[in-house]
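Here's target20.cif, which has mmCIF, C-alpha atoms and all ligand atoms:
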```
data_input
#
loop_
_atom_site.label_atom_id
_atom_site.label_comp_id
_atom_site.auth_asym_id
_atom_site.auth_seq_id
_atom_site.Cartn_x
_atom_site.Cartn_y
_atom_site.Cartn_z
CA MET A 20 95.36 83.73 97.00
CA LEU A 21 96.84 86.92 98.39
CA ASP A 22 99.95 88.52 96.92
CA VAL A 23 101.51 88.93 100.36
CA GLU A 24 104.80 90.47 99.19
CA LYS A 25 102.87 93.21 97.38
CA ILE A 26 100.59 93.73 100.38
CA ARG A 27 103.59 94.10 102.70
CA GLU A 28 104.78 97.11 100.70
CA ASP A 29 101.71 98.99 101.93
CA PHE A 30 102.77 98.51 105.58
CA PRO A 31 106.01 100.39 106.29
CA ILE A 32 105.95 99.34 109.96
CA LEU A 33 106.72 95.76 108.91
CA LYS A 34 110.22 96.92 107.97
CA ARG A 35 110.93 97.82 111.60
CA LYS A 36 113.56 95.99 113.56
CA ILE A 37 112.86 94.93 117.14
CA ASN A 38 115.93 94.06 119.21
CA GLY A 39 117.92 93.83 115.98
CA LYS A 40 115.50 91.38 114.35
CA ARG A 41 112.98 92.06 111.59
CA LEU A 42 109.59 92.53 113.30
CA ILE A 43 107.23 89.58 113.04
CA TYR A 44 103.88 91.00 114.04
CA LEU A 45 101.55 88.27 115.31
CA ASP A 46 99.24 90.37 117.48
CA ASN A 47 96.58 91.13 114.90
CA ALA A 48 93.65 89.98 117.00
CA ALA A 49 94.53 92.85 119.38
CA THR A 50 94.95 95.37 116.56
CA THR A 51 96.15 95.21 112.97
CA GLN A 52 98.71 97.43 111.29
CA LYS A 53 97.49 100.20 108.94
CA PRO A 54 98.25 100.40 105.23
CA ARG A 55 99.46 103.60 103.54
CA GLN A 56 96.07 103.98 101.83
CA VAL A 57 94.24 104.29 105.15
CA VAL A 58 96.73 106.75 106.59
CA ALA A 59 96.66 108.76 103.33
CA ALA A 60 92.85 109.02 103.39
CA ILE A 61 92.97 110.40 106.94
CA VAL A 62 95.76 112.84 106.07
CA LYS A 63 93.83 113.97 102.97
CA PHE A 64 90.78 114.70 105.10
CA TYR A 65 92.75 116.77 107.63
CA PHE A 66 94.84 118.59 105.02
CA ASN A 67 92.15 119.25 102.42
CA TYR A 68 88.60 119.27 103.72
CA ASN A 69 88.60 119.11 107.52
CA ALA A 70 85.35 120.55 108.90
CA ASN A 71 82.53 119.44 111.12
CA VAL A 72 79.74 117.43 109.48
CA HIS A 73 76.04 118.21 109.22
CA ARG A 74 76.59 121.67 110.64
CA GLY A 75 77.29 124.09 107.85
CA PHE A 76 76.62 125.14 104.29
CA HIS A 77 80.23 126.04 103.58
CA THR A 78 82.17 123.97 101.07
CA LEU A 79 84.46 122.21 103.53
CA SER A 80 81.56 121.10 105.69
CA GLN A 81 79.70 119.84 102.63
CA GLU A 82 82.73 117.88 101.45
CA ALA A 83 83.37 116.43 104.90
CA SER A 84 79.68 115.48 105.28
CA GLN A 85 79.67 113.81 101.90
CA ALA A 86 82.82 111.75 102.61
CA TYR A 87 81.50 110.83 106.06
CA GLU A 88 78.15 109.68 104.64
CA GLU A 89 79.80 107.80 101.80
CA ALA A 90 81.87 105.94 104.40
CA HIS A 91 78.61 104.54 105.79
CA GLU A 92 77.72 103.30 102.30
CA VAL A 93 81.10 101.58 101.88
CA LEU A 94 80.74 99.84 105.23
CA ALA A 95 77.17 98.79 104.38
CA LYS A 96 78.54 97.22 101.19
CA PHE A 97 81.34 95.51 103.14
CA ILE A 98 78.83 93.53 105.24
CA ASN A 99 76.00 93.53 102.65
CA ALA A 100 73.65 95.54 104.87
CA TYR A 101 70.27 96.46 103.39
CA SER A 102 70.98 100.15 103.81
CA TRP A 103 73.69 102.57 104.96
CA GLU A 104 71.20 103.77 107.60
CA GLU A 105 71.84 100.51 109.49
CA ILE A 106 75.51 101.47 109.98
CA ILE A 107 75.96 103.25 113.30
CA ASP A 108 79.41 104.57 114.01
CA VAL A 109 80.61 103.71 117.47
CA SER A 110 84.09 103.86 119.03
CA ASN A 111 84.76 100.11 118.91
CA THR A 112 83.10 96.74 119.47
CA THR A 113 82.83 97.36 123.21
CA ASP A 114 80.99 100.62 122.61
CA GLY A 115 78.63 98.98 120.11
CA LEU A 116 77.81 96.14 122.50
CA ASN A 117 77.20 98.62 125.31
CA LEU A 118 74.90 100.58 123.03
CA ILE A 119 72.70 97.50 122.54
CA ALA A 120 72.84 96.41 126.17
CA TRP A 121 71.97 99.85 127.55
CA GLY A 122 69.96 101.21 124.60
CA TRP A 123 67.86 98.11 123.96
CA GLY A 124 68.31 96.03 127.13
CA LEU A 125 67.50 98.65 129.71
CA ASN A 126 64.21 99.52 127.99
CA ASN A 127 63.10 96.02 127.07
CA LEU A 128 64.17 93.69 129.87
CA GLN A 129 61.89 92.89 132.81
CA PRO A 130 62.67 91.15 136.11
CA ASN A 131 63.23 87.40 135.57
CA ASP A 132 63.76 87.77 131.83
CA GLU A 133 66.81 85.82 130.75
CA ILE A 134 69.91 86.87 128.85
CA VAL A 135 72.06 84.09 127.42
CA VAL A 136 75.76 84.72 126.90
CA THR A 137 78.59 82.20 126.61
CA VAL A 138 81.61 81.05 128.57
CA MET A 139 83.53 81.83 125.39
CA ASP A 140 82.73 85.55 125.55
CA HIS A 141 85.14 88.46 125.67
CA HIS A 142 84.49 90.66 128.71
CA SER A 143 83.19 93.30 126.29
CA ASN A 144 80.16 91.16 125.51
CA MET A 145 79.72 89.54 128.91
CA LEU A 146 80.00 92.53 131.22
CA PRO A 147 77.55 95.00 129.59
CA TRP A 148 74.79 92.36 129.80
CA ARG A 149 75.67 91.54 133.40
CA ALA A 150 75.51 95.23 134.27
CA VAL A 151 72.12 95.66 132.58
CA ALA A 152 70.85 92.49 134.27
CA GLU A 153 71.74 94.01 137.62
CA LYS A 154 69.68 97.12 136.82
CA THR A 155 66.66 95.25 135.42
CA ASN A 156 66.74 92.15 137.65
CA ALA A 157 67.02 90.00 134.56
CA LYS A 158 69.05 86.77 134.86
CA VAL A 159 72.22 85.92 132.97
CA LYS A 160 72.73 82.34 131.82
CA TYR A 161 75.94 80.95 130.31
CA VAL A 162 76.38 78.43 127.52
CA ASP A 163 79.38 76.20 128.09
CA ILE A 164 81.90 74.93 125.55
CA THR A 165 82.64 71.36 124.52
CA GLU A 166 85.97 69.57 124.96
CA GLU A 167 86.66 70.36 121.31
CA GLY A 168 86.36 74.10 121.99
CA THR A 169 83.07 74.69 120.21
CA LEU A 170 79.93 76.07 121.80
CA ASN A 171 77.71 73.46 123.39
CA TYR A 172 74.70 73.80 121.12
CA ASP A 173 72.76 71.07 122.94
CA GLU A 174 73.04 73.04 126.14
CA LEU A 175 72.03 76.23 124.35
CA GLU A 176 68.89 74.51 123.06
CA ARG A 177 68.15 73.24 126.55
CA ILE A 178 68.51 76.53 128.42
CA ILE A 179 66.54 78.83 126.13
CA SER A 180 62.82 79.33 126.67
CA GLU A 181 60.18 82.00 126.24
CA LYS A 182 61.92 83.80 129.14
CA THR A 183 65.02 84.29 126.94
CA LYS A 184 65.07 87.81 125.54
CA VAL A 185 68.65 88.04 124.30
CA ILE A 186 71.31 85.65 123.07
CA ALA A 187 74.62 87.53 122.80
CA PHE A 188 77.72 85.62 121.70
CA PRO A 189 81.10 85.86 119.97
CA MET A 190 80.78 85.16 116.24
CA ALA A 191 84.41 84.01 116.54
CA SER A 192 86.41 83.54 119.72
CA ASN A 193 89.49 85.64 120.45
CA VAL A 194 91.03 82.76 122.46
CA VAL A 195 90.03 79.37 121.09
CA GLY A 196 89.56 80.88 117.63
CA THR A 197 86.33 78.94 117.04
CA ILE A 198 84.04 80.32 114.36
CA ASN A 199 80.58 79.80 115.77
CA ASP A 200 77.51 78.68 113.87
CA VAL A 201 76.06 82.17 113.75
CA ARG A 202 72.91 81.45 111.79
CA ARG A 203 72.03 78.46 113.94
CA ILE A 204 72.24 80.63 117.06
CA ALA A 205 70.25 83.44 115.42
CA ARG A 206 67.51 80.97 114.49
CA LEU A 207 67.43 79.51 118.00
CA ALA A 208 67.09 83.03 119.43
CA HIS A 209 64.24 83.86 117.08
CA SER A 210 62.48 80.56 117.79
CA VAL A 211 61.86 81.81 121.36
CA GLY A 212 61.29 85.47 120.42
CA ALA A 213 64.73 86.67 121.61
CA ILE A 214 67.10 89.02 119.80
CA ALA A 215 70.45 87.67 118.56
CA VAL A 216 73.52 89.85 119.11
CA GLY A 217 76.83 88.96 117.46
CA ASP A 218 80.16 90.17 118.78
CA GLY A 219 81.87 90.46 115.42
CA ALA A 220 85.26 91.75 116.63
CA GLN A 221 87.17 88.64 115.49
CA TYR A 222 84.77 87.60 112.74
CA VAL A 223 84.08 90.58 110.48
CA PRO A 224 87.79 91.33 109.80
CA HIS A 225 88.46 87.67 108.88
CA VAL A 226 85.36 86.00 107.48
CA PRO A 227 83.25 87.25 104.54
CA THR A 228 80.27 88.78 106.33
CA ASN A 229 76.84 88.92 104.78
CA VAL A 230 74.36 90.20 107.34
CA ARG A 231 71.44 89.13 105.18
CA GLU A 232 72.50 85.49 105.43
CA LEU A 233 73.53 85.50 109.07
CA GLU A 234 70.04 86.46 110.28
CA LEU A 235 71.31 88.29 113.38
CA ASP A 236 69.68 91.40 114.81
CA PHE A 237 72.88 93.21 115.76
CA ILE A 238 76.60 92.92 115.01
CA ALA A 239 79.34 95.07 116.54
CA PHE A 240 82.89 95.24 115.18
CA SER A 241 86.03 97.39 115.52
CA GLY A 242 87.81 99.30 112.76
CA HIS A 243 91.27 98.87 114.27
CA LYS A 244 91.15 95.08 113.91
CA MET A 245 90.58 95.36 110.14
CA LEU A 246 93.29 97.83 109.03
CA GLY A 247 91.32 100.90 110.16
CA PRO A 248 92.23 103.49 112.78
CA THR A 249 91.54 103.16 116.49
CA GLY A 250 88.53 104.90 118.02
CA ILE A 251 86.04 103.84 115.36
CA GLY A 252 83.82 100.81 114.92
CA VAL A 253 80.42 99.84 113.63
CA LEU A 254 77.21 98.70 115.17
CA TRP A 255 75.02 97.18 112.50
CA GLY A 256 71.42 96.62 113.48
CA ARG A 257 68.15 95.56 111.91
CA LYS A 258 66.36 98.70 110.87
CA ASP A 259 63.01 97.92 112.48
CA ILE A 260 64.63 97.28 115.86
CA LEU A 261 66.87 100.35 115.62
CA GLU A 262 63.86 102.48 114.72
CA SER A 263 61.98 101.22 117.76
CA MET A 264 64.84 102.28 120.06
CA LYS A 265 65.30 105.60 121.76
CA PRO A 266 68.86 106.93 121.62
CA PHE A 267 71.08 105.73 124.43
CA ARG A 268 73.28 108.84 124.41
CA VAL A 269 71.58 112.11 123.58
CA GLY A 270 72.71 115.57 122.52
CA GLY A 271 73.70 117.32 119.30
CA ASP A 272 72.91 115.43 116.08
CA THR A 273 70.57 112.92 117.74
CA ILE A 274 67.53 115.14 117.16
CA LYS A 275 65.41 116.73 114.46
CA GLU A 276 63.81 119.31 116.72
CA VAL A 277 63.86 120.28 120.38
CA THR A 278 61.56 122.59 122.33
CA LEU A 279 61.66 123.15 126.06
CA ASP A 280 59.23 120.30 126.57
CA SER A 281 59.54 118.04 123.54
CA VAL A 282 62.09 116.33 121.32
CA VAL A 283 61.80 114.66 117.93
CA TRP A 284 64.57 112.11 117.45
CA HIS A 285 66.58 112.09 114.26
CA ASP A 286 66.41 109.44 111.53
CA LEU A 287 68.84 106.51 111.45
CA PRO A 288 71.71 106.36 111.96
CA TRP A 289 72.14 109.88 113.38
CA ARG A 290 69.83 109.33 116.32
CA PHE A 291 72.55 107.13 117.85
CA VAL A 292 75.52 109.37 117.04
CA ALA A 293 75.66 111.96 119.81
CA GLY A 294 77.94 114.95 119.33
CA THR A 295 80.65 115.43 116.72
CA PRO A 296 81.45 111.99 115.32
CA ASN A 297 84.84 110.49 114.56
CA ILE A 298 84.82 111.83 110.98
CA ALA A 299 88.44 111.01 110.20
CA GLY A 300 87.95 107.59 111.76
CA MET A 301 84.97 106.77 109.54
CA ILE A 302 86.83 107.95 106.45
CA GLY A 303 89.86 105.83 107.40
CA LEU A 304 87.72 102.80 108.19
CA ALA A 305 85.91 103.03 104.85
CA GLU A 306 89.31 103.09 103.13
CA ALA A 307 90.29 99.97 105.09
CA ALA A 308 87.07 98.23 104.03
CA LYS A 309 87.78 99.18 100.39
CA TYR A 310 91.29 97.74 100.73
CA LEU A 311 89.91 94.44 102.06
CA MET A 312 87.21 94.32 99.37
CA ARG A 313 89.91 94.76 96.70
CA LEU A 314 91.76 91.76 98.15
CA GLY A 315 88.51 89.81 98.47
CA MET A 316 87.38 88.60 101.88
CA GLU A 317 87.29 84.99 100.60
CA ASN A 318 91.04 85.32 99.99
CA VAL A 319 91.60 86.92 103.40
CA ARG A 320 89.83 83.95 104.98
CA GLU A 321 91.81 81.43 102.93
CA HIS A 322 95.08 83.09 103.94
CA ASP A 323 94.17 82.70 107.63
CA VAL A 324 93.43 79.01 107.09
CA ILE A 325 96.79 78.44 105.37
CA LEU A 326 98.74 80.09 108.21
CA VAL A 327 96.77 78.42 111.01
CA ASN A 328 97.03 75.05 109.28
CA GLU A 329 100.82 75.44 109.06
CA THR A 330 101.06 76.55 112.70
CA LEU A 331 99.05 73.59 114.00
CA LYS A 332 101.03 71.21 111.80
CA ARG A 333 104.39 72.58 112.94
CA PHE A 334 103.27 72.65 116.59
CA LYS A 335 103.06 68.85 116.45
CA GLU A 336 106.87 68.89 116.34
CA LEU A 337 106.79 70.42 119.83
CA GLY A 338 105.01 67.36 121.23
CA ASP A 339 103.43 67.78 124.65
CA GLU A 340 105.58 70.85 125.41
CA VAL A 341 102.76 72.95 123.97
CA VAL A 342 99.02 72.82 124.69
CA VAL A 343 96.89 74.43 121.99
CA LEU A 344 93.53 75.89 123.01
CA GLY A 345 90.56 75.27 120.73
CA PRO A 346 89.64 73.15 117.72
CA LYS A 347 92.26 71.09 115.90
CA ASP A 348 90.70 71.74 112.49
CA PRO A 349 91.98 75.05 111.02
CA ARG A 350 88.74 75.46 109.05
CA MET A 351 86.83 75.74 112.33
CA ARG A 352 89.04 78.64 113.41
CA THR A 353 89.71 82.22 112.57
CA GLY A 354 93.33 83.34 112.06
CA LEU A 355 94.70 82.78 115.54
CA VAL A 356 96.26 80.13 117.74
CA ALA A 357 96.41 80.48 121.53
CA PHE A 358 98.54 78.05 123.49
CA ASN A 359 100.61 77.44 126.60
CA VAL A 360 104.12 76.09 127.01
CA LYS A 361 104.50 73.44 129.72
CA ASP A 362 106.18 74.79 132.88
CA LEU A 363 106.64 78.33 131.50
CA HIS A 364 104.50 81.32 132.39
CA HIS A 365 102.77 82.83 129.34
CA HIS A 366 104.37 86.24 130.01
CA THR A 367 107.84 84.68 130.13
CA VAL A 368 107.27 83.15 126.70
CA GLY A 369 105.87 86.45 125.36
CA LYS A 370 108.87 88.38 126.65
CA ALA A 371 111.32 85.88 125.17
CA LEU A 372 109.55 86.03 121.80
CA ASP A 373 109.72 89.84 121.86
CA LEU A 374 113.45 89.71 122.55
CA LEU A 375 113.70 87.82 119.28
CA GLY A 376 111.48 90.27 117.35
CA ILE A 377 108.16 88.42 117.52
CA ALA A 378 105.12 90.28 118.86
CA VAL A 379 102.38 88.10 120.37
CA ARG A 380 99.75 88.76 123.00
CA THR A 381 100.00 87.11 126.40
CA GLY A 382 97.56 87.16 129.32
CA GLY A 383 93.87 86.48 129.75
CA HIS A 384 92.94 88.29 126.49
CA CYS A 385 89.94 89.88 128.25
CA ALA A 386 88.39 86.43 128.49
CA HIS A 387 89.20 85.33 132.02
CA PRO A 388 86.17 83.02 132.51
CA LEU A 389 87.10 81.10 129.35
CA HIS A 390 90.69 80.65 130.51
CA TYR A 391 89.55 79.47 133.94
CA ARG A 392 87.12 77.06 132.27
CA LEU A 393 90.04 75.65 130.27
CA GLY A 394 92.19 75.34 133.40
CA PHE A 395 94.62 78.19 132.69
CA ASN A 396 95.08 81.71 133.97
CA GLY A 397 96.26 83.01 130.63
CA SER A 398 97.81 81.99 127.33
CA ILE A 399 100.08 83.08 124.52
CA ARG A 400 98.27 84.06 121.33
CA ALA A 401 99.69 84.28 117.82
CA SER A 402 97.19 85.98 115.51
CA TYR A 403 97.61 86.49 111.79
CA TYR A 404 96.46 88.84 109.09
CA ILE A 405 96.89 89.50 105.40
CA TYR A 406 100.62 90.44 105.57
CA ASN A 407 101.85 87.44 107.55
CA THR A 408 103.82 84.78 105.70
CA LEU A 409 104.57 81.08 105.97
CA GLU A 410 108.22 82.06 106.56
CA GLU A 411 107.11 84.03 109.60
CA VAL A 412 105.25 80.97 110.91
CA GLU A 413 108.44 78.97 110.37
CA THR A 414 110.56 81.50 112.31
CA PHE A 415 107.94 81.67 115.05
CA VAL A 416 107.90 77.87 115.56
CA GLU A 417 111.69 77.63 115.41
CA THR A 418 111.95 80.44 117.97
CA LEU A 419 109.52 78.61 120.23
CA LYS A 420 111.71 75.52 119.98
CA LEU A 421 114.66 77.61 121.09
CA ILE A 422 112.67 79.02 124.02
CA ILE A 423 111.59 75.53 125.06
CA SER A 424 115.20 74.36 124.93
CA LEU A 425 116.09 77.16 127.38
CA LYS A 426 113.10 76.39 129.59
CA GLU A 427 114.95 75.55 132.80
CA ARG A 428 116.79 78.86 132.75
CA LEU A 429 113.78 80.92 131.68
CA ALA A 430 111.54 79.39 134.36
CA LYS A 431 113.78 81.04 136.99
CA GLU A 432 113.17 84.54 135.53
CA PRO A 433 110.76 86.72 137.52
CA VAL A 434 107.39 87.02 135.77
CA GLU A 435 106.59 90.57 134.75
CA GLU A 436 102.91 91.52 134.84
CA VAL A 437 102.87 94.27 132.20
CA CYS A 438 99.16 95.07 132.10
CA PRO A 439 97.28 93.43 134.95
CA GLY A 440 93.72 92.45 134.15
CA THR A 441 94.08 92.04 130.41
C1 LIG B 501 85.88 88.82 120.65
C2 LIG B 501 86.15 90.25 121.02
N1 LIG B 501 85.13 91.01 121.41
C3 LIG B 501 85.31 92.30 121.74
C4 LIG B 501 86.53 92.88 121.70
C5 LIG B 501 86.69 94.31 122.09
O1 LIG B 501 87.15 95.06 121.03
P1 LIG B 501 87.50 96.61 121.25
O2 LIG B 501 88.56 96.64 122.30
O3 LIG B 501 87.98 97.09 119.94
O4 LIG B 501 86.24 97.24 121.71
C6 LIG B 501 87.63 92.12 121.31
C7 LIG B 501 88.99 92.71 121.33
O5 LIG B 501 89.98 92.05 121.39
C8 LIG B 501 87.44 90.77 120.96
O6 LIG B 501 88.46 90.01 120.57
#
```
Please, can you express the file's structure as structure tokens?
Amino acid sequence: MLDVEKIREDFPILKRKINGKRLIYLDNAATTQKPRQVVAAIVKFYFNYNANVHRGFHTLSQEASQAYEEAHEVLAKFINAYSWEEIIDVSNTTDGLNLIAWGWGLNNLQPNDEIVVTVMDHHSNMLPWRAVAEKTNAKVKYVDITEEGTLNYDELERIISEKTKVIAFPMASNVVGTINDVRRIARLAHSVGAIAVGDGAQYVPHVPTNVRELELDFIAFSGHKMLGPTGIGVLWGRKDILESMKPFRVGGDTIKEVTLDSVVWHDLPWRFVAGTPNIAGMIGLAEAAKYLMRLGMENVREHDVILVNETLKRFKELGDEVVVLGPKDPRMRTGLVAFNVKDLHHHTVGKALDLLGIAVRTGGHCAHPLHYRLGFNGSIRASYYIYNTLEEVETFVETLKLIISLKERLAKEPVEEVCPGT
């Protein structure tokens, strides 16, 4: 169990008031808040040993290089990678997924090869593969979801064949919350000789991740969704595949030697890190991973289940005023619940919640095809993390009741489209 009151002391932002109310931050699937320890590690780097890495013999550069390299080791430990060399720093999940699509896909896909993605995918996994398919004349196939909100594994088994070269999928969904059967999908991919790519954006921050057990070939995840800073993420990949790949972006640090007519690419992971990396970001992310390891990822997972269980239980009091997207069983979900309120636009509900101090995400959550498949053009999403409490769930549900009681009046309000396309 997490000591949530103690954890909350590490997050000064949670003391903020919004519209006179104590902030209840339920937008963690978009980005989490940052603890003092992470901010302090970044400040310490900038104030004490800021220098570029791998470029100098002076003391500051040596210290910065050491901290930067150690950060790779911490992150390798966090996901039980075989080696720190499998940890490639990228800007975020989207960047990591693009690196695989363009770095591996463009060089390995032939016309009429097939790429399997899912209806459940975030645009960040779906669109890079569609773009690479356009360039290579490969075909994209989609796995549907079941009524329960899980992936349709029967369909997946039916549509894969020796033509399938990639199965890329969300390890956990950012809308229906479903935690997918990662190892089953990895094994299916390997049974037809395809690579298995996991979008770990909503999984790695919430579920204990052991890459050795999951049997995937690649996983991408974002630092900012697991207490780390923005602008940094990780692409983990199987060493033999990474070693077979040419760098996707080239330039400084990707090479061992260059002449006017030859280039020898660097060892892993540097061959994929072009130009000055996000040194402060890696140091901050490693501190975030240490923080989560101290709490224990099993406890982080259990905390999500407790809060989601309470939310789904309390939502029953709202009857058919609320439609929840995704599985009914909290154990099948990560720490989020997306829903719609009958006869109210999702943005109207989001705005009303904000007026009362509660931050949720509203819109298509970068998963438009999934929303359309479910018969909606958006939803409201409450997403939890280690500092959220049962009392916050209680306030959230009571506030929703209030909003529903004011429905007729609120439905007349003009709908504000804050960020179109999201
Ligand atoms: C499932 C999933 N994949 C990918 C992403 C993209 O993450 P980022 O914006 O950090 O690249 C997100 C972000 O919400 C996500 O939820």
For this session: Grab me every residue within 8 Å of ligand LIG 501 (chain B), counting all atoms listed in the file, and send it over as a ChimeraX atom specification.
Result: /A:48-50,110-115,140-144,189-194,218-221,240-244,249,252,384-385
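Between Gly376 in chain A and the residues A:Asn131, A:Asn297, A:Thr418, A:Thr137, the shortest atom-to-atom distance, using only C-alpha atoms, involves A:Thr418.
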Problem set entry | One-decimal distance in Å that lies between CA of Gly303 in chain A and CA of Val58 in chain A | 7.0 Å
For this session: Rank nothing, just name the residue among A:His91, A:Lys370, A:Lys36, A:His387 nearest to Leu304 in chain A, using all atoms listed in the file.
Result: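 Distance minimum relative to Leu304 in chain A lands on A:His91.
Note that the spacing between CA of Asp339 in chain A and CA of Tyr404 in chain A amounts to 27.1 Å.
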For this session: Please provide as JSON, numbers by chain all residues within 10 Å of range 269-286 of chain A, with the sequence filter that same-chain residues fewer than 4 positions apart are discarded (counting all atoms listed in the file).
Result: {"A": [72, 73, 74, 104, 261, 262, 265, 290, 291, 292, 293, 294, 295, 296]}
Based on the selection just made, write C-alpha atoms of those residues as a compact mmCIF listing (two decimals), in the frame of the given file.
```
# COMPACT_ATOMS: atom_id res chain seq x y z
CA VAL A 72 79.74 117.43 109.48
CA HIS A 73 76.04 118.21 109.22
CA ARG A 74 76.59 121.67 110.64
CA GLU A 104 71.20 103.77 107.60
CA LEU A 261 66.87 100.35 115.62
CA GLU A 262 63.86 102.48 114.72
CA LYS A 265 65.30 105.60 121.76
CA ARG A 290 69.83 109.33 116.32
CA PHE A 291 72.55 107.13 117.85
CA VAL A 292 75.52 109.37 117.04
CA ALA A 293 75.66 111.96 119.81
CA GLY A 294 77.94 114.95 119.33
CA THR A 295 80.65 115.43 116.72
CA PRO A 296 81.45 111.99 115.32
```
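Between CA of Ala187 in chain A and CA of Val136 in chain A the separation is 5.1 Å.
Of the residues listed (A:Arg27, A:His209, A:Arg203, A:His225), A:His225 shows the shortest atom-to-atom separation from Ala308 in chain A; distances use only C-alpha atoms.
In terms of minimum interatomic distance to Pro130 in chain A, A:Lys184 ranks closest within A:His322, A:Lys184, A:Ser102, A:Glu176, counting all atoms listed in the file.
Nearest residue to Asn99 in chain A among A:Leu389, A:Ala371, A:Val223, A:Val356 is A:Val223, counting all atoms listed in the file.
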Problem set entry | Residue with smallest distance to Tyr310 in chain A - pool A:Glu105, A:Gly247, A:Val201, A:Ile214, counting all atoms listed in the file |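 Closest to Tyr310 in chain A, using all atoms listed in the file: A:Gly247.
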Exercise. If we count only C-alpha atoms, what is near Val226 in chain A at a cut-off of 8 Å, once residues fewer than 6 positions away on the same chain are taken out, given as a PyMOL selection string?
Worked result: chain A and resi 316-317+319-320+353
Just need the box for range 125-132 of chain A, edges along x, y and z, holding every atom the file lists for it with 8 Å tacked onto each side, so centre and edge lengths in Å to one decimal, as AutoDock Vina command-line options.
```
--center_x 64.7 --center_y 93.5 --center_z 131.6 --size_x 21.6 --size_y 28.1 --size_z 25.0
```
Problem set entry | All residues 9 Å or closer to Ser402 in chain A, all atoms listed in the file, same chain fewer than 6 positions away omitted, as a list of chain:residue names |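 Returned residues: A:Tyr44, A:Leu45, A:Asp46, A:Asn47, A:Ala48, A:Ala49, A:Val327, A:Thr353, A:Gly354, A:Leu355, A:Val356, A:Ala357, A:Val379, A:Arg380.
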